[in-house]
$ cat query33.cif   # mmCIF, C-alpha atoms and all ligand atoms
data_work
loop_
_atom_site.label_atom_id
_atom_site.label_comp_id
_atom_site.auth_asym_id
_atom_site.auth_seq_id
_atom_site.Cartn_x
_atom_site.Cartn_y
_atom_site.Cartn_z
CA MET A 164 130.96 102.55 129.01
CA GLU A 165 131.12 99.98 126.23
CA TYR A 166 128.27 98.33 124.38
CA LYS A 167 128.04 95.51 121.85
CA ILE A 168 125.64 96.37 119.05
CA GLY A 169 124.48 93.75 116.56
CA VAL A 170 123.93 95.46 113.23
CA ILE A 171 121.47 94.18 110.66
CA SER A 172 122.10 96.41 107.67
CA GLY A 173 119.78 94.31 105.52
CA ASP A 174 118.60 95.17 102.04
CA GLY A 175 117.73 98.15 99.85
CA ILE A 176 118.44 101.43 101.65
CA GLY A 177 119.27 99.50 104.85
CA PRO A 178 123.08 99.68 104.56
CA GLU A 179 122.95 103.39 103.61
CA ILE A 180 120.83 104.48 106.56
CA VAL A 181 122.60 102.23 109.07
CA THR A 182 125.96 103.72 108.05
CA GLU A 183 124.67 107.16 109.04
CA ALA A 184 123.23 105.94 112.35
CA LYS A 185 126.60 104.36 113.25
CA LYS A 186 128.34 107.60 112.27
CA VAL A 187 126.09 109.53 114.66
CA LEU A 188 126.47 106.94 117.45
CA ASP A 189 130.28 107.10 117.20
CA ALA A 190 130.20 110.90 117.24
CA VAL A 191 127.92 111.08 120.29
CA GLY A 192 130.00 108.32 121.92
CA GLU A 193 133.12 110.48 121.64
CA ILE A 194 131.40 113.35 123.41
CA TYR A 195 129.87 111.24 126.18
CA GLY A 196 132.68 108.68 126.64
CA ILE A 197 130.81 105.67 125.26
CA SER A 198 132.32 103.04 122.94
CA PHE A 199 130.27 100.95 120.57
CA HIS A 200 131.44 97.64 119.11
CA TYR A 201 129.51 96.59 116.05
CA THR A 202 128.98 93.06 114.77
CA GLU A 203 127.27 92.63 111.42
CA ILE A 204 124.38 90.14 111.45
CA LEU A 205 122.93 88.73 108.25
CA MET A 206 119.16 88.81 107.85
CA GLY A 207 116.63 89.19 105.07
CA GLY A 208 117.41 89.10 101.36
CA ILE A 209 121.16 89.35 101.76
CA SER A 210 121.04 86.35 104.10
CA ILE A 211 119.00 84.40 101.51
CA ASP A 212 121.62 85.21 98.87
CA LYS A 213 124.51 84.14 101.10
CA THR A 214 123.05 81.23 103.10
CA GLY A 215 119.80 80.25 101.39
CA ARG A 216 117.78 81.29 104.47
CA PRO A 217 116.47 84.66 105.71
CA LEU A 218 117.75 84.01 109.25
CA THR A 219 120.29 81.46 110.43
CA GLU A 220 120.95 80.08 113.92
CA GLU A 221 124.27 81.90 113.78
CA ALA A 222 122.45 85.21 113.19
CA VAL A 223 120.11 84.60 116.16
CA ALA A 224 123.13 83.74 118.32
CA GLY A 225 124.82 86.97 117.14
CA ALA A 226 121.77 88.99 118.16
CA ARG A 227 121.60 87.24 121.54
CA ALA A 228 125.26 87.98 122.18
CA SER A 229 124.66 91.72 121.63
CA ASP A 230 123.46 94.32 124.14
CA ALA A 231 121.02 95.56 121.49
CA VAL A 232 120.43 95.27 117.76
CA LEU A 233 120.31 98.16 115.30
CA MET A 234 118.56 97.33 112.07
CA GLY A 235 118.15 99.09 108.71
CA SER A 236 115.46 97.30 106.76
CA ILE A 237 114.96 94.07 104.92
CA GLY A 238 113.12 92.99 101.79
CA GLY A 239 113.11 93.88 98.13
CA ASN A 240 110.75 94.84 95.40
CA THR A 241 107.96 92.37 96.14
CA ALA A 242 106.84 92.24 92.50
CA ALA A 243 110.25 91.91 90.86
CA SER A 244 112.69 90.37 93.31
CA PRO A 245 113.48 86.61 93.03
CA TRP A 246 113.18 86.43 96.85
CA TYR A 247 109.39 86.61 96.44
CA GLN A 248 109.29 83.47 94.28
CA LEU A 249 110.32 81.55 97.42
CA PRO A 250 107.79 80.00 99.84
CA PRO A 251 106.58 82.55 102.47
CA ASP A 252 108.72 81.10 105.28
CA LEU A 253 111.87 81.59 103.20
CA ARG A 254 111.18 85.19 102.17
CA PRO A 255 113.12 88.13 103.70
CA GLU A 256 110.35 89.23 106.11
CA ALA A 257 110.16 85.72 107.61
CA GLY A 258 113.61 86.41 109.04
CA LEU A 259 112.38 89.41 110.99
CA LEU A 260 109.32 87.59 112.36
CA ALA A 261 111.51 84.66 113.41
CA LEU A 262 114.01 86.97 115.11
CA ARG A 263 111.27 88.82 117.03
CA LYS A 264 109.95 85.46 118.21
CA ALA A 265 113.38 84.06 119.10
CA LEU A 266 114.16 87.12 121.20
CA ASN A 267 110.67 87.36 122.75
CA LEU A 268 110.25 90.99 121.72
CA PHE A 269 106.81 91.61 123.21
CA ALA A 270 106.84 95.41 123.51
CA ASN A 271 106.76 97.59 120.43
CA LEU A 272 107.49 101.29 120.91
CA ARG A 273 106.67 103.70 118.11
CA PRO A 274 107.12 107.40 118.70
CA ALA A 275 105.02 109.79 116.62
CA LEU A 276 106.68 113.15 116.83
CA LEU A 277 105.91 116.13 114.65
CA TYR A 278 108.79 118.55 114.42
CA PRO A 279 107.52 122.13 114.16
CA GLN A 280 109.90 122.51 111.17
CA LEU A 281 107.98 119.82 109.28
CA LYS A 282 104.49 121.06 110.03
CA ALA A 283 103.76 121.38 106.30
CA ALA A 284 103.93 117.58 105.92
CA CYS A 285 101.23 117.05 108.57
CA PRO A 286 97.75 116.52 107.10
CA LEU A 287 96.08 118.12 110.15
CA ARG A 288 95.04 121.78 110.35
CA ASP A 289 97.36 124.33 111.95
CA GLU A 290 95.13 124.97 114.96
CA ILE A 291 95.06 121.23 115.73
CA ILE A 292 98.83 120.83 115.34
CA GLY A 293 99.68 123.75 117.62
CA ASP A 294 103.42 123.54 118.37
CA GLY A 295 103.64 119.97 117.11
CA PHE A 296 103.09 116.79 119.12
CA ASP A 297 105.26 114.13 120.69
CA MET A 298 103.74 110.80 121.69
CA ILE A 299 104.88 107.20 121.83
CA ILE A 300 102.72 104.15 121.31
CA VAL A 301 103.57 101.12 123.42
CA ARG A 302 101.95 98.15 121.72
CA GLU A 303 101.79 94.56 122.98
CA LEU A 304 103.34 92.56 120.15
CA THR A 305 103.13 88.84 120.89
CA GLY A 306 99.59 88.21 122.18
CA GLY A 307 95.97 89.04 121.45
CA LEU A 308 93.96 88.43 118.32
CA TYR A 309 96.93 87.85 115.99
CA PHE A 310 98.20 84.95 118.10
CA GLY A 311 94.93 83.48 119.39
CA GLU A 312 93.33 80.25 118.25
CA ARG A 313 91.57 80.60 114.91
CA LYS A 314 89.52 78.33 112.71
CA THR A 315 87.19 78.33 109.76
CA ARG A 316 84.52 75.63 109.65
CA GLU A 317 80.99 74.97 108.56
CA MET A 318 78.33 75.64 111.21
CA ASN A 319 74.64 75.17 110.52
CA GLY A 320 75.39 75.03 106.80
CA LEU A 321 77.34 78.33 106.82
CA ILE A 322 81.10 78.76 106.54
CA THR A 323 82.06 80.44 109.80
CA ALA A 324 85.42 81.92 110.80
CA THR A 325 86.53 82.44 114.40
CA ASP A 326 89.50 84.37 115.86
CA THR A 327 90.15 84.58 119.58
CA LEU A 328 91.55 87.47 121.57
CA THR A 329 93.30 86.13 124.65
CA TYR A 330 95.48 87.88 127.22
CA ASN A 331 96.59 86.60 130.58
CA GLU A 332 97.34 88.92 133.47
CA GLU A 333 101.11 88.42 133.19
CA GLU A 334 101.17 89.46 129.52
CA ILE A 335 99.25 92.61 130.43
CA ARG A 336 101.35 93.38 133.49
CA ARG A 337 104.71 93.21 131.69
CA ILE A 338 103.65 95.51 128.82
CA ALA A 339 101.97 97.92 131.25
CA LYS A 340 105.18 98.13 133.28
CA ARG A 341 107.09 98.88 130.09
CA ALA A 342 104.70 101.72 129.29
CA PHE A 343 104.98 103.25 132.76
CA ASP A 344 108.78 102.94 132.65
CA VAL A 345 108.77 104.72 129.29
CA ALA A 346 106.48 107.43 130.70
CA ARG A 347 108.94 108.01 133.55
CA LYS A 348 111.53 108.98 130.95
CA ARG A 349 109.04 111.39 129.33
CA ARG A 350 106.12 113.58 130.47
CA LYS A 351 104.78 110.99 132.93
CA LYS A 352 101.36 110.31 131.48
CA VAL A 353 99.99 106.96 130.27
CA THR A 354 96.76 106.66 128.30
CA SER A 355 95.72 103.01 128.29
CA VAL A 356 93.50 102.21 125.32
CA ASP A 357 90.99 99.35 125.45
CA LYS A 358 87.40 98.40 124.65
CA ALA A 359 86.35 97.67 128.25
CA ASN A 360 82.71 98.52 127.56
CA VAL A 361 82.48 95.35 125.40
CA LEU A 362 85.43 92.96 125.72
CA ASP A 363 86.37 90.73 128.66
CA SER A 364 90.02 90.87 127.61
CA SER A 365 89.83 94.68 127.84
CA ARG A 366 88.23 94.57 131.30
CA LEU A 367 91.12 92.43 132.53
CA TRP A 368 93.50 94.78 130.70
CA ARG A 369 92.06 97.80 132.57
CA LYS A 370 92.14 96.05 135.95
CA ILE A 371 95.81 95.03 135.60
CA VAL A 372 96.84 98.44 134.24
CA GLU A 373 95.25 100.04 137.31
CA GLU A 374 97.19 97.68 139.58
CA VAL A 375 100.46 98.54 137.81
CA ALA A 376 99.61 102.26 137.93
CA GLU A 377 99.61 102.05 141.74
CA GLU A 378 103.31 101.16 141.59
CA TYR A 379 103.95 104.39 139.64
CA PRO A 380 102.31 107.16 141.69
CA ASP A 381 104.39 109.78 139.85
CA VAL A 382 102.80 108.82 136.49
CA ILE A 383 99.26 109.90 135.56
CA CYS A 384 97.17 107.01 134.25
CA GLN A 385 94.00 107.45 132.24
CA HIS A 386 91.85 105.00 130.26
CA MET A 387 90.33 105.63 126.85
CA LEU A 388 88.11 103.49 124.65
CA VAL A 389 89.77 102.63 121.35
CA ASP A 390 87.13 104.27 119.15
CA ASN A 391 87.54 107.52 121.08
CA ALA A 392 91.35 107.20 120.90
CA ALA A 393 91.18 106.94 117.10
CA MET A 394 89.20 110.20 117.06
CA GLN A 395 91.36 112.01 119.60
CA LEU A 396 94.52 111.23 117.61
CA VAL A 397 93.33 113.49 114.81
CA LYS A 398 91.35 115.91 117.00
CA ASP A 399 93.92 116.72 119.67
CA PRO A 400 97.15 114.68 119.26
CA GLY A 401 99.01 117.00 121.65
CA GLN A 402 97.12 115.49 124.64
CA PHE A 403 99.01 112.17 124.40
CA ASP A 404 102.34 111.25 125.95
CA VAL A 405 102.45 107.42 126.18
CA ILE A 406 99.64 105.38 124.65
CA LEU A 407 99.54 101.82 126.00
CA THR A 408 97.49 99.27 124.12
CA GLU A 409 97.07 95.66 123.00
CA ASN A 410 98.30 94.18 119.74
CA MET A 411 95.54 94.88 117.20
CA PHE A 412 94.47 98.26 118.58
CA GLY A 413 98.17 99.22 118.59
CA ASP A 414 98.65 98.04 115.02
CA ILE A 415 95.91 100.37 113.82
CA LEU A 416 96.57 103.35 116.12
CA SER A 417 100.34 103.39 115.51
CA ASP A 418 99.79 103.63 111.75
CA GLU A 419 97.24 106.39 112.30
CA ALA A 420 99.64 108.26 114.59
CA SER A 421 102.55 107.88 112.20
CA MET A 422 100.52 109.17 109.26
CA VAL A 423 99.78 112.43 111.03
CA THR A 424 103.52 113.09 111.34
CA GLY A 425 103.98 113.23 107.56
CA SER A 426 107.10 111.30 106.55
CA ILE A 427 107.92 107.65 106.96
CA GLY A 428 111.63 108.54 106.79
CA MET A 429 111.37 110.25 110.21
CA LEU A 430 109.79 107.45 112.27
CA ALA A 431 111.86 105.36 114.66
CA SER A 432 110.77 102.18 116.45
CA ALA A 433 111.91 99.73 119.07
CA SER A 434 110.90 96.21 120.05
CA LEU A 435 111.90 95.17 123.55
CA ASN A 436 111.86 92.04 125.68
CA GLU A 437 111.79 91.67 129.47
CA THR A 438 115.44 92.58 129.85
CA LYS A 439 117.03 95.79 128.59
CA PHE A 440 117.57 94.15 125.20
CA GLY A 441 115.86 95.69 122.18
CA LEU A 442 115.77 95.68 118.39
CA TYR A 443 115.78 99.21 116.99
CA GLU A 444 114.74 99.99 113.45
CA PRO A 445 113.10 102.67 111.32
CA SER A 446 109.37 102.16 110.75
CA GLY A 447 109.79 102.22 106.97
CA GLY A 448 110.88 99.42 104.69
CA SER A 449 113.85 98.89 102.37
CA ALA A 450 112.57 101.46 99.81
CA PRO A 451 113.87 99.56 96.75
CA ASP A 452 112.73 102.48 94.54
CA ILE A 453 115.48 104.73 95.94
CA ALA A 454 118.09 102.21 97.08
CA GLY A 455 121.64 103.00 96.03
CA LYS A 456 120.84 106.57 95.02
CA GLY A 457 122.16 108.18 98.20
CA ILE A 458 118.91 110.07 98.81
CA ALA A 459 117.22 108.02 101.57
CA ASN A 460 116.40 109.84 104.78
CA PRO A 461 118.58 108.42 107.59
CA ILE A 462 116.79 110.30 110.39
CA ALA A 463 114.42 107.46 111.41
CA THR A 464 117.44 105.17 111.85
CA VAL A 465 119.41 107.84 113.69
CA LEU A 466 116.43 108.37 116.02
CA SER A 467 116.14 104.59 116.47
CA ALA A 468 119.76 104.62 117.62
CA ALA A 469 118.82 107.38 120.10
CA MET A 470 116.01 105.14 121.40
CA MET A 471 118.58 102.36 121.84
CA LEU A 472 120.71 104.67 123.98
CA ARG A 473 117.70 105.62 126.09
CA PHE A 474 115.85 102.32 126.53
CA SER A 475 118.58 99.66 126.34
CA PHE A 476 121.59 101.56 127.70
CA ASP A 477 119.99 104.23 129.95
CA GLN A 478 122.22 106.82 128.27
CA ASP A 479 119.51 109.48 128.34
CA LEU A 480 121.88 112.42 127.91
CA ALA A 481 123.46 111.02 124.77
CA ALA A 482 120.01 110.08 123.42
CA GLY A 483 118.74 113.60 124.05
CA ALA A 484 121.83 115.02 122.35
CA ILE A 485 121.06 113.08 119.16
CA GLU A 486 117.42 114.15 119.20
CA ALA A 487 118.40 117.79 119.72
CA ALA A 488 120.97 117.58 116.91
CA VAL A 489 118.30 116.24 114.53
CA ALA A 490 115.96 119.10 115.49
CA ARG A 491 118.76 121.65 115.02
CA THR A 492 119.66 120.24 111.59
CA LEU A 493 116.04 120.56 110.49
CA GLU A 494 115.85 124.02 112.04
CA GLU A 495 118.81 125.07 109.91
CA GLY A 496 116.91 124.01 106.80
CA TYR A 497 118.57 120.73 105.77
CA ARG A 498 116.15 118.24 104.22
CA THR A 499 116.39 114.93 102.39
CA ALA A 500 114.20 114.60 99.27
CA ASP A 501 111.28 112.95 101.09
CA ILE A 502 110.83 115.88 103.49
CA MET A 503 111.53 118.70 101.04
CA PRO A 504 108.56 121.07 100.95
CA LYS A 505 106.67 121.32 97.68
CA LEU A 506 107.99 124.02 95.34
CA SER A 507 105.18 126.40 96.22
CA GLU A 508 105.95 126.02 99.93
CA LYS A 509 109.72 126.36 99.55
CA THR A 510 111.15 129.01 101.75
CA ARG A 511 114.57 130.60 101.63
CA GLY A 512 117.22 128.70 103.52
CA ILE A 513 115.78 125.21 102.90
CA ARG A 514 118.42 123.00 101.26
CA GLN A 515 118.19 119.45 99.92
CA VAL A 516 120.95 117.08 101.02
CA GLY A 517 121.70 113.40 100.45
CA THR A 518 121.82 110.57 102.99
CA SER A 519 125.47 110.97 103.90
CA GLU A 520 125.41 114.77 104.19
CA MET A 521 122.37 114.56 106.46
CA GLY A 522 124.34 112.19 108.73
CA ASP A 523 127.35 114.57 108.69
CA ARG A 524 125.18 117.60 109.50
CA ILE A 525 123.60 115.80 112.47
CA CYS A 526 127.07 114.83 113.77
CA GLN A 527 128.25 118.44 113.50
CA ARG A 528 125.34 119.63 115.61
CA LEU A 529 125.89 117.22 118.50
CA VAL A 530 126.79 118.87 121.78
P1 LIG B 1 108.80 101.21 102.06
O1 LIG B 1 108.62 101.79 103.42
O2 LIG B 1 110.11 100.53 101.79
O3 LIG B 1 108.62 102.37 100.97
C1 LIG B 1 107.41 103.13 100.86
C2 LIG B 1 107.76 104.52 100.29
O4 LIG B 1 108.44 105.27 101.31
C3 LIG B 1 108.72 104.47 99.11
O5 LIG B 1 108.39 105.47 98.18
C4 LIG B 1 110.06 104.75 99.72
O6 LIG B 1 110.97 105.36 98.80
C5 LIG B 1 109.70 105.69 100.86
N1 LIG B 1 110.64 105.58 101.98
C6 LIG B 1 110.71 104.60 102.91
N2 LIG B 1 111.74 104.83 103.75
C7 LIG B 1 112.32 105.97 103.34
C8 LIG B 1 113.43 106.73 103.79
N3 LIG B 1 114.18 106.34 104.86
N4 LIG B 1 113.77 107.85 103.11
C9 LIG B 1 113.04 108.27 102.06
N5 LIG B 1 111.98 107.60 101.58
C10 LIG B 1 111.63 106.46 102.21
O7 LIG B 1 107.57 100.23 101.81
P2 LIG B 1 107.32 99.18 100.62
O8 LIG B 1 107.78 99.77 99.32
O9 LIG B 1 105.93 98.76 100.79
O10 LIG B 1 108.23 97.94 100.97
C11 LIG B 1 109.52 97.69 100.37
C12 LIG B 1 110.13 96.47 101.01
O11 LIG B 1 110.39 96.73 102.40
C13 LIG B 1 109.20 95.24 100.99
O12 LIG B 1 109.99 94.12 100.69
C14 LIG B 1 108.65 95.18 102.40
O13 LIG B 1 108.29 93.89 102.77
C15 LIG B 1 109.84 95.66 103.19
N6 LIG B 1 109.53 96.18 104.53
C16 LIG B 1 110.44 95.93 105.49
C17 LIG B 1 110.23 96.44 106.76
C18 LIG B 1 111.27 96.16 107.80
O14 LIG B 1 112.41 95.87 107.46
N7 LIG B 1 110.93 96.23 109.08
C19 LIG B 1 109.12 97.23 107.05
C20 LIG B 1 108.23 97.52 106.02
C21 LIG B 1 108.45 96.99 104.75
#

$ encode --input "query33.cif" --output "structure tokens" --more "lines below"
Ligand code: NAD
Amino acid sequence: MEYKIGVISGDGIGPEIVTEAKKVLDAVGEIYGISFHYTEILMGGISIDKTGRPLTEEAVAGARASDAVLMGSIGGNTAASPWYQLPPDLRPEAGLLALRKALNLFANLRPALLYPQLKAACPLRDEIIGDGFDMIIVRELTGGLYFGERKTREMNGLITATDTLTYNEEEIRRIAKRAFDVARKRRKKVTSVDKANVLDSSRLWRKIVEEVAEEYPDVICQHMLVDNAAMQLVKDPGQFDVILTENMFGDILSDEASMVTGSIGMLASASLNETKFGLYEPSGGSAPDIAGKGIANPIATVLSAAMMLRFSFDQDLAAGAIEAAVARTLEEGYRTADIMPKLSEKTRGIRQVGTSEMGDRICQRLV
């Protein structure tokens, strides 16, 4: 098989971590008979420097012509970089928002996986962590409160602000289907999170999710109120497989879930549209504080590439091979600086490596 991958290396640590992800993709491709053709796409600060804009038409066309896009990160030091003297719509992040919109990326997938080897980084107690946890949050990304009508006006002599939370049944159905499809590739359980005891939009959400669930009899579907979900994430995270939720609830819960895993350098993400197309990127930013030092953790980007194999290309075996190789590399004690245990917790056999060596070690452990 052959795939065209658009590559947005971006700014800061972006090029360093993307290099490692491509290295791992090529290595897994050799084992599984898959070829990847990469096309570099300019976006973010580097695009501003070269074209004066964070995203050009040519870049959008490049992304559209690809089977999927792999991204590093964009943006600079927001206090010091000249990019942040520009108007908001010309700053690096505007490029990413515009690209998501242009490609209609309505489904955001963020796994929160705690490797048993990195338990020490998890802020939860040992008895709560158990053997680690492995969930994925499927968040609706283009509707709801963040995109509803809003206004601020004077009413009865008081300044009054209004935001509206709107979902139509089609928007709910397409994200719910995504979540059930994802669950089919995992442990086959969807927890749909809403606030159906209060909100009309949540009652419609629940009704449509139940309709979709009927099309997936092999997947367990349960509903949970968002306040309870926030508690359960820190009380018993192991109970979750796929969490399906709307935009704002997902924004909050995915940050909560990622925090309990410990390191930002480990967290992959994907944004998908109605086709198999997706944009895959680490959850972290461009880390200007460590850019160019060769110490960034490439694992989130490598795992994002594994998500690309699974969700855009249906290459589940190759995706699983990458994930297993990452686990094995950690098992053998290799760590980048961000996931090194504190001195007091250091155990024999743990060794600090740089960005490139981490990529090499993962490649060597692919089977
Ligand atoms: P950040 O995620 O870049 O960095 C926060 C901290 O995490 C830093 O100490 C950094 O060194 C560390 N970190 C992040 N990724 C790491 C990795 N792979 N390995 C080791 N350590 C890592 O967040 P920030 O400093 O708030 O933002 C920096 C820039 O990134 C800003 O311009 C911001 O707008 C941008 N940003 C971009 C994206 C994106 O491209 N999707 C996402 C978030 C932030």

$ residues_near_ligand --input "query33.cif" --ligand "ligand LIG 1 (chain B)" --cutoff "6 Å" --atoms "all atoms listed in the file" --output "ChimeraX atom specification"
/A:236-241,427-428,447-453,459-461,501

$ closest_atom_pairs --input "query33.cif" --of "region 170-274 of chain A" --to "region 398-419 of chain A" --cutoff "9 Å" --atoms "only C-alpha atoms" --output "Markdown table"
| residue | atom | partner | partner_atom | distance |
| --- | --- | --- | --- | --- |
| A:Asn271 | CA | A:Gly413 | CA | 8.9 |
| A:Arg273 | CA | A:Ser417 | CA | 6.9 |
| A:Pro274 | CA | A:Ser417 | CA | 8.5 |

$ residues_around --input "query33.cif" --residues "Leu266 (chain A)" --least-positions-apart "3" --cutoff "8 Å" --atoms "all atoms listed in the file" --output "list in words"
Arg227, Leu262, Arg263 and Asn436 of chain A

$ residues_near_point --input "query33.cif" --point "(95.3, 99.7, 128.9)" --cutoff "7 Å" --atoms "all atoms listed in the file" --output "ChimeraX atom specification"
/A:355-357,368-369,372,386,407-408

$ write_last_selection --input "query33.cif" --atoms "C-alpha atoms" --output "PDB file, in the coordinates of the input"
ATOM      1  CA  SER A 355      95.720 103.010 128.290  1.00  0.00           C
ATOM      2  CA  VAL A 356      93.500 102.210 125.320  1.00  0.00           C
ATOM      3  CA  ASP A 357      90.990  99.350 125.450  1.00  0.00           C
ATOM      4  CA  TRP A 368      93.500  94.780 130.700  1.00  0.00           C
ATOM      5  CA  ARG A 369      92.060  97.800 132.570  1.00  0.00           C
ATOM      6  CA  VAL A 372      96.840  98.440 134.240  1.00  0.00           C
ATOM      7  CA  HIS A 386      91.850 105.000 130.260  1.00  0.00           C
ATOM      8  CA  LEU A 407      99.540 101.820 126.000  1.00  0.00           C
ATOM      9  CA  THR A 408      97.490  99.270 124.120  1.00  0.00           C
TER      10      THR A 408
END

$ atom_distance --input "query33.cif" --atom1 "CA of Phe343 (chain A)" --atom2 "CA of Ala392 (chain A)"
18.5 Å

$ residues_around --input "query33.cif" --residues "region 210-217 of chain A" --least-positions-apart "5" --cutoff "6 Å" --atoms "only C-alpha atoms" --output "list in words"
Leu205, Pro255 and Gly258 of chain A

$ closest_residue --input "query33.cif" --among "A:Val187, A:Ile525, A:Ala376, A:Ala284" --to "Met503 (chain A)" --atoms "all atoms listed in the file"
A:Ala284

$ decode --input "query33.cif" --residues "region 218-234 of chain A" --atoms "N, CA and C atoms" --output "mmCIF file, in the first residue's frame"
data_model
loop_
_atom_site.group_PDB
_atom_site.id
_atom_site.type_symbol
_atom_site.label_atom_id
_atom_site.label_comp_id
_atom_site.auth_asym_id
_atom_site.auth_seq_id
_atom_site.Cartn_x
_atom_site.Cartn_y
_atom_site.Cartn_z
ATOM 1 N N LEU A 218 -1.119 30.599 6.897
ATOM 2 C CA LEU A 218 -1.611 29.480 6.080
ATOM 3 C C LEU A 218 -1.992 30.028 4.717
ATOM 4 N N THR A 219 -1.435 29.456 3.673
ATOM 5 C CA THR A 219 -1.762 29.925 2.324
ATOM 6 C C THR A 219 -2.749 28.957 1.661
ATOM 7 N N GLU A 220 -3.356 29.414 0.574
ATOM 8 C CA GLU A 220 -4.247 28.543 -0.223
ATOM 9 C C GLU A 220 -3.498 27.302 -0.689
ATOM 10 N N GLU A 221 -2.226 27.543 -1.050
ATOM 11 C CA GLU A 221 -1.393 26.440 -1.546
ATOM 12 C C GLU A 221 -1.230 25.372 -0.455
ATOM 13 N N ALA A 222 -1.070 25.827 0.800
ATOM 14 C CA ALA A 222 -0.913 24.880 1.909
ATOM 15 C C ALA A 222 -2.207 24.077 2.110
ATOM 16 N N VAL A 223 -3.352 24.765 2.039
ATOM 17 C CA VAL A 223 -4.640 24.060 2.194
ATOM 18 C C VAL A 223 -4.797 23.037 1.068
ATOM 19 N N ALA A 224 -4.423 23.441 -0.146
ATOM 20 C CA ALA A 224 -4.530 22.520 -1.289
ATOM 21 C C ALA A 224 -3.610 21.322 -1.065
ATOM 22 N N GLY A 225 -2.428 21.565 -0.513
ATOM 23 C CA GLY A 225 -1.478 20.478 -0.228
ATOM 24 C C GLY A 225 -2.066 19.495 0.765
ATOM 25 N N ALA A 226 -2.734 20.029 1.803
ATOM 26 C CA ALA A 226 -3.347 19.159 2.804
ATOM 27 C C ALA A 226 -4.486 18.356 2.171
ATOM 28 N N ARG A 227 -5.275 19.022 1.341
ATOM 29 C CA ARG A 227 -6.413 18.333 0.693
ATOM 30 C C ARG A 227 -5.946 17.220 -0.239
ATOM 31 N N ALA A 228 -4.785 17.427 -0.827
ATOM 32 C CA ALA A 228 -4.284 16.429 -1.787
ATOM 33 C C ALA A 228 -3.652 15.230 -1.076
ATOM 34 N N SER A 229 -3.549 15.298 0.255
ATOM 35 C CA SER A 229 -2.898 14.216 1.011
ATOM 36 C C SER A 229 -3.956 13.245 1.524
ATOM 37 N N ASP A 230 -3.513 12.019 1.861
ATOM 38 C CA ASP A 230 -4.420 11.053 2.486
ATOM 39 C C ASP A 230 -4.615 11.390 3.960
ATOM 40 N N ALA A 231 -3.610 12.031 4.547
ATOM 41 C CA ALA A 231 -3.686 12.466 5.944
ATOM 42 C C ALA A 231 -2.552 13.458 6.169
ATOM 43 N N VAL A 232 -2.651 14.216 7.252
ATOM 44 C CA VAL A 232 -1.603 15.194 7.555
ATOM 45 C C VAL A 232 -0.985 14.870 8.916
ATOM 46 N N LEU A 233 0.329 14.858 8.952
ATOM 47 C CA LEU A 233 1.064 14.680 10.203
ATOM 48 C C LEU A 233 1.665 16.029 10.566
ATOM 49 N N MET A 234 1.417 16.455 11.792
ATOM 50 C CA MET A 234 1.878 17.786 12.172
ATOM 51 C C MET A 234 2.757 17.722 13.418
#
